[in-house]
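Remarks on the structure that follows.
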Amino acid sequence: MTTSLQRVLTTLGHREPDRVPLFLLTTLHGAKELGLDIRDYFSRSESVIEGQMRLLKRYRSDCLYPLFYTPLEIEAFGGETIFIEDGPPNCGGPIIRRPEDIDRLEPPRINDAACLTPVLETIAGLKARVGDTVPIIGVAVSPFSLPVMQMGFDRYLELIHEQPERFARLMKVNEAFCVEWANAKLAAGATAICYFDPVSSPTIVPRELFLKTGHAVAMRTLPRIKGPTAYHVASGRALSIVGDIAATGTAVLGVSALEDLATLKAAAAGRVTLLGNLNGIEMRHWTSAQAENAVKRSIAAAGRGGGFILADNHGEIPWQVPDEVLLSVREAVDRWGRYPLDWIDGWAES
């Protein structure tokens, strides 16, 4: 019997496994499974381990995804997190209030940041449960995108354009933290690291600026991460920078529902595996029939020849997506994702 890890490795080699791999990137749903509020759920590694294992059994995803919440990285720098009842936690106030604060900023050491320990414990606990049968995906926010949480979007854009020396110093600090954090997750048992870099998407910055900033940062950072990576622009567009991202050496690119998946697959073929592109916002209101049609549409556009993992397009499925929809996605992949995908030749979307 093919394991999830074998299935994923085959598609990463741009070959067809037994079926299209499915990554249901559920994080908050583990709290629902255990009947806990979100803050309590993430307060104990044992809860997240149990939640992830229950979700794995229920949805039969091809990965485990022990992402707690991205503001945790800001907590490591001394910041705060704001919890809400029905969505991902958000950052509190900025840790960089004036550009001059960057001059004194230092990267937190992983072993000294107690808030990060439960994540590593969770990864180790999941590894003990599944061994090498299911990929465990760790997450690290890119050094180029982290400043949105550190100082706010408007001040960060001003910094990029107006204070290049301080921008360079901030990148040096963030790169050191990102590398240590990613490698700590790999050492704990993560199979790969999802490198979240939405600011690098041409939805946010033009390609010319990306090549001077986010791309240069990625070219320095990703080679220092001691394991495979996936580059995710979190719902942002990526078609115009597919080749640039492939040049970083990453294995996977998370793509948006805003772009044509078949066109993306043609641009990425043989260079980088695509991850996507189900619309998590629309997913909240799908019927079972709509879920099945969305799965078929994505598989028809990108499934042939391997190099494709079906997932949501943002990297985290919203709390409001009902269980019935996720089960319908799972069932549709079982029905329509088996190779060879001969049904595609005669299929026309209704």
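Going by the structure tokens order, chains are called A, B, ..., each with residues numbered from 1, while ligands are numbered from 1 in the order shown.
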
Problem set entry | Neighbour list for region 319-332 of chain A as a ChimeraX atom specification, cut-off 10 Å, only C-alpha atoms, skip fewer than 2 positions in-chain | /A:22-24,26-32,58-61,85-88,278,280-296,310-311,316-317,334-337

Could you write out that same residue set with C-alpha atoms as a PDB file, in the first residue's frame?
```
ATOM      1  CA  LEU A  22      -4.352  15.963  -0.959  1.00  0.00           C
ATOM      2  CA  PHE A  23      -3.126  18.445   1.647  1.00  0.00           C
ATOM      3  CA  LEU A  24      -6.067  19.570   3.779  1.00  0.00           C
ATOM      4  CA  THR A  26      -6.511  22.337   8.765  1.00  0.00           C
ATOM      5  CA  THR A  27      -5.144  24.020  11.867  1.00  0.00           C
ATOM      6  CA  LEU A  28      -8.029  25.486  13.873  1.00  0.00           C
ATOM      7  CA  HIS A  29     -10.258  22.496  13.160  1.00  0.00           C
ATOM      8  CA  GLY A  30      -8.276  20.506  15.706  1.00  0.00           C
ATOM      9  CA  ALA A  31      -9.762  22.698  18.437  1.00  0.00           C
ATOM     10  CA  LYS A  32     -13.230  21.807  17.174  1.00  0.00           C
ATOM     11  CA  ARG A  58     -11.138  11.915   9.646  1.00  0.00           C
ATOM     12  CA  TYR A  59     -10.011  13.510   6.388  1.00  0.00           C
ATOM     13  CA  ARG A  60      -7.136  11.207   5.371  1.00  0.00           C
ATOM     14  CA  SER A  61      -5.016  14.126   4.253  1.00  0.00           C
ATOM     15  CA  GLU A  85     -13.185  32.848  18.924  1.00  0.00           C
ATOM     16  CA  ASP A  86     -13.598  31.827  15.298  1.00  0.00           C
ATOM     17  CA  GLY A  87     -10.437  32.577  13.395  1.00  0.00           C
ATOM     18  CA  PRO A  88      -6.644  32.598  13.454  1.00  0.00           C
ATOM     19  CA  LEU A 278      -9.114  25.547  -3.907  1.00  0.00           C
ATOM     20  CA  GLY A 280     -10.840  28.647   1.021  1.00  0.00           C
ATOM     21  CA  ILE A 281     -13.133  31.677   1.308  1.00  0.00           C
ATOM     22  CA  GLU A 282     -15.683  30.293  -1.149  1.00  0.00           C
ATOM     23  CA  MET A 283     -15.281  26.871   0.441  1.00  0.00           C
ATOM     24  CA  ARG A 284     -17.217  28.116   3.477  1.00  0.00           C
ATOM     25  CA  HIS A 285     -20.408  28.088   1.427  1.00  0.00           C
ATOM     26  CA  TRP A 286     -19.898  25.172  -0.956  1.00  0.00           C
ATOM     27  CA  THR A 287     -22.395  22.394  -1.384  1.00  0.00           C
ATOM     28  CA  SER A 288     -21.093  18.856  -1.790  1.00  0.00           C
ATOM     29  CA  ALA A 289     -21.652  19.143  -5.543  1.00  0.00           C
ATOM     30  CA  GLN A 290     -19.696  22.405  -5.713  1.00  0.00           C
ATOM     31  CA  ALA A 291     -16.844  20.846  -3.734  1.00  0.00           C
ATOM     32  CA  GLU A 292     -16.701  17.901  -6.113  1.00  0.00           C
ATOM     33  CA  ASN A 293     -16.723  20.147  -9.172  1.00  0.00           C
ATOM     34  CA  ALA A 294     -13.935  22.338  -7.761  1.00  0.00           C
ATOM     35  CA  VAL A 295     -11.795  19.262  -7.121  1.00  0.00           C
ATOM     36  CA  LYS A 296     -12.422  17.941 -10.621  1.00  0.00           C
ATOM     37  CA  LEU A 310      -4.404  19.552  -4.248  1.00  0.00           C
ATOM     38  CA  ALA A 311      -4.869  21.979  -1.348  1.00  0.00           C
ATOM     39  CA  GLU A 316      -4.822  27.482   6.039  1.00  0.00           C
ATOM     40  CA  ILE A 317      -8.454  26.403   5.752  1.00  0.00           C
ATOM     41  CA  ASP A 334     -10.766   9.471  -4.001  1.00  0.00           C
ATOM     42  CA  ARG A 335     -13.166   9.333  -6.933  1.00  0.00           C
ATOM     43  CA  TRP A 336     -11.482  11.604  -9.484  1.00  0.00           C
ATOM     44  CA  GLY A 337      -7.838  11.727  -8.432  1.00  0.00           C
TER      45      GLY A 337
END
```

Exercise. Using only C-alpha atoms, which of the listed residues (A:Pro164, A:Pro94, A:Gly189, A:Gly125) sits closest to Ile137 (chain A)?
Worked result: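 Among the listed residues, the smallest separation from Ile137 (chain A) belongs to A:Gly189.
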
Problem set entry | Option closest in space to Pro118 (chain A), from A:Ala182, A:Ile160, A:Ile82, A:Ile49 [counting only C-alpha atoms] |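 Looking at the shortest contact to Pro118 (chain A), the residue is A:Ile49.
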
Exercise. Which residues come within 12 Å of Thr10 (chain A), counting only C-alpha atoms, excluding same-chain residues fewer than 4 positions away, as number ranges by chain?
Worked result: A: 2-6, 14-21, 273, 305-309

Create the file for the chosen residues now, containing C-alpha atoms and written as a PDB file, in the first residue's frame.
```
ATOM      1  CA  THR A   2       1.335   3.429  -0.971  1.00  0.00           C
ATOM      2  CA  THR A   3       1.988   5.732   1.973  1.00  0.00           C
ATOM      3  CA  SER A   4       1.285   9.454   1.899  1.00  0.00           C
ATOM      4  CA  LEU A   5       4.999  10.227   1.927  1.00  0.00           C
ATOM      5  CA  GLN A   6       5.624   7.912  -1.036  1.00  0.00           C
ATOM      6  CA  HIS A  14       6.946  14.998 -11.656  1.00  0.00           C
ATOM      7  CA  ARG A  15       5.646  11.468 -12.000  1.00  0.00           C
ATOM      8  CA  GLU A  16       2.147  10.121 -11.423  1.00  0.00           C
ATOM      9  CA  PRO A  17       1.571   8.295  -8.126  1.00  0.00           C
ATOM     10  CA  ASP A  18      -1.509   6.175  -7.372  1.00  0.00           C
ATOM     11  CA  ARG A  19      -3.614   9.327  -6.924  1.00  0.00           C
ATOM     12  CA  VAL A  20      -3.295  13.079  -6.625  1.00  0.00           C
ATOM     13  CA  PRO A  21      -1.979  13.943  -3.141  1.00  0.00           C
ATOM     14  CA  THR A 273       5.397  21.189  -8.009  1.00  0.00           C
ATOM     15  CA  GLY A 305       2.117  14.144 -15.166  1.00  0.00           C
ATOM     16  CA  GLY A 306       2.432  14.585 -11.409  1.00  0.00           C
ATOM     17  CA  GLY A 307       3.856  17.803 -10.055  1.00  0.00           C
ATOM     18  CA  PHE A 308       0.559  18.721  -8.378  1.00  0.00           C
ATOM     19  CA  ILE A 309      -0.790  18.568  -4.827  1.00  0.00           C
TER      20      ILE A 309
END
```

Problem set entry | Near-Phe42 (chain A) list (10 Å; only C-alpha atoms; drop same-chain fewer than 3 positions) as a PyMOL selection string | chain A and resi 27-28+30-31+36-39+45-48+67-69+118-119

Once you have the residues from the selection above, write them out as a compact mmCIF listing (two decimals), in the first residue's frame, restricted to N, CA and C atoms.
```
# COMPACT_ATOMS: atom_id res chain seq x y z
N THR A 27 -5.85 23.70 10.63
CA THR A 27 -5.14 24.02 11.87
C THR A 27 -6.14 24.22 13.00
N LEU A 28 -7.05 25.16 12.83
CA LEU A 28 -8.03 25.49 13.87
C LEU A 28 -9.05 24.38 14.07
N GLY A 30 -8.64 21.40 14.62
CA GLY A 30 -8.28 20.51 15.71
C GLY A 30 -8.92 20.91 17.02
N ALA A 31 -9.08 22.22 17.23
CA ALA A 31 -9.76 22.70 18.44
C ALA A 31 -11.21 22.24 18.44
N LEU A 36 -12.37 22.44 22.30
CA LEU A 36 -11.62 23.46 23.03
C LEU A 36 -11.72 24.80 22.30
N ASP A 37 -11.58 25.89 23.05
CA ASP A 37 -11.44 27.16 22.35
C ASP A 37 -10.02 27.25 21.81
N ILE A 38 -9.81 28.18 20.91
CA ILE A 38 -8.56 28.22 20.16
C ILE A 38 -7.36 28.49 21.06
N ARG A 39 -7.51 29.41 22.02
CA ARG A 39 -6.40 29.71 22.91
C ARG A 39 -6.01 28.47 23.73
N SER A 45 0.96 21.27 23.78
CA SER A 45 1.36 20.48 22.61
C SER A 45 0.55 19.20 22.52
N GLU A 46 0.17 18.62 23.67
CA GLU A 46 -0.60 17.37 23.66
C GLU A 46 -1.94 17.55 22.94
N SER A 47 -2.54 18.74 23.09
CA SER A 47 -3.82 19.00 22.43
C SER A 47 -3.64 19.06 20.92
N VAL A 48 -2.61 19.73 20.46
CA VAL A 48 -2.40 19.87 19.02
C VAL A 48 -2.02 18.53 18.40
N LEU A 67 0.95 23.78 12.23
CA LEU A 67 1.06 25.23 12.34
C LEU A 67 0.20 25.68 13.52
N PHE A 68 0.78 26.40 14.46
CA PHE A 68 0.00 26.97 15.54
C PHE A 68 -0.65 28.27 15.03
N TYR A 69 0.13 29.33 14.95
CA TYR A 69 -0.34 30.60 14.40
C TYR A 69 0.89 31.46 14.16
N PRO A 118 6.37 24.53 22.53
CA PRO A 118 5.26 23.61 22.23
C PRO A 118 5.18 23.19 20.77
N VAL A 119 5.59 24.07 19.86
CA VAL A 119 5.57 23.70 18.44
C VAL A 119 6.54 22.56 18.17
```

Problem set entry | strand (DSSP E) per DSSP on the backbone: members of region 75-170 of chain A, as a list of chain:residue names |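 Restricting region 75-170 of chain A to strand (DSSP E) produces A:Thr81, A:Ile82, A:Asn90, A:Cys91, A:Ile137, A:Gly138, A:Val139, A:Ala140, A:Val141.
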
For this session: Write out as an NGL selection string all residues of region 86-242 of chain A that backbone DSSP assigns to alpha helix (DSSP H).
Result: :A and (117-130 or 147-151 or 153-162 or 164-188 or 207-212 or 214-221 or 242)

Can you list every residue of region 116-148 of chain A that has an atom at most 12 Å from region 222-235 of chain A, with its nearest atom pair and the distance in Å to one decimal, using only C-alpha atoms, ordered by chain then number, as a Markdown table?
```
| residue | atom | partner | partner_atom | distance |
| --- | --- | --- | --- | --- |
| A:Pro135 | CA | A:Pro228 | CA | 11.2 |
| A:Ile136 | CA | A:Pro228 | CA | 11.5 |
| A:Ile137 | CA | A:Thr229 | CA | 9.2 |
| A:Gly138 | CA | A:Thr229 | CA | 9.3 |
| A:Val139 | CA | A:Ala230 | CA | 9.3 |
| A:Ala140 | CA | A:Thr229 | CA | 10.0 |
| A:Val141 | CA | A:His232 | CA | 9.6 |
| A:Ser142 | CA | A:Tyr231 | CA | 9.2 |
| A:Pro143 | CA | A:Leu222 | CA | 10.6 |
| A:Phe144 | CA | A:Val233 | CA | 11.6 |
| A:Ser145 | CA | A:Val233 | CA | 9.7 |
```

Problem set entry | Best match for closeness to Ala262 (chain A) among A:Ala300, A:Cys194, A:Leu64, A:Ala246, counting only C-alpha atoms |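 Among A:Ala300, A:Cys194, A:Leu64, A:Ala246, it is A:Ala300 that comes nearest to Ala262 (chain A).
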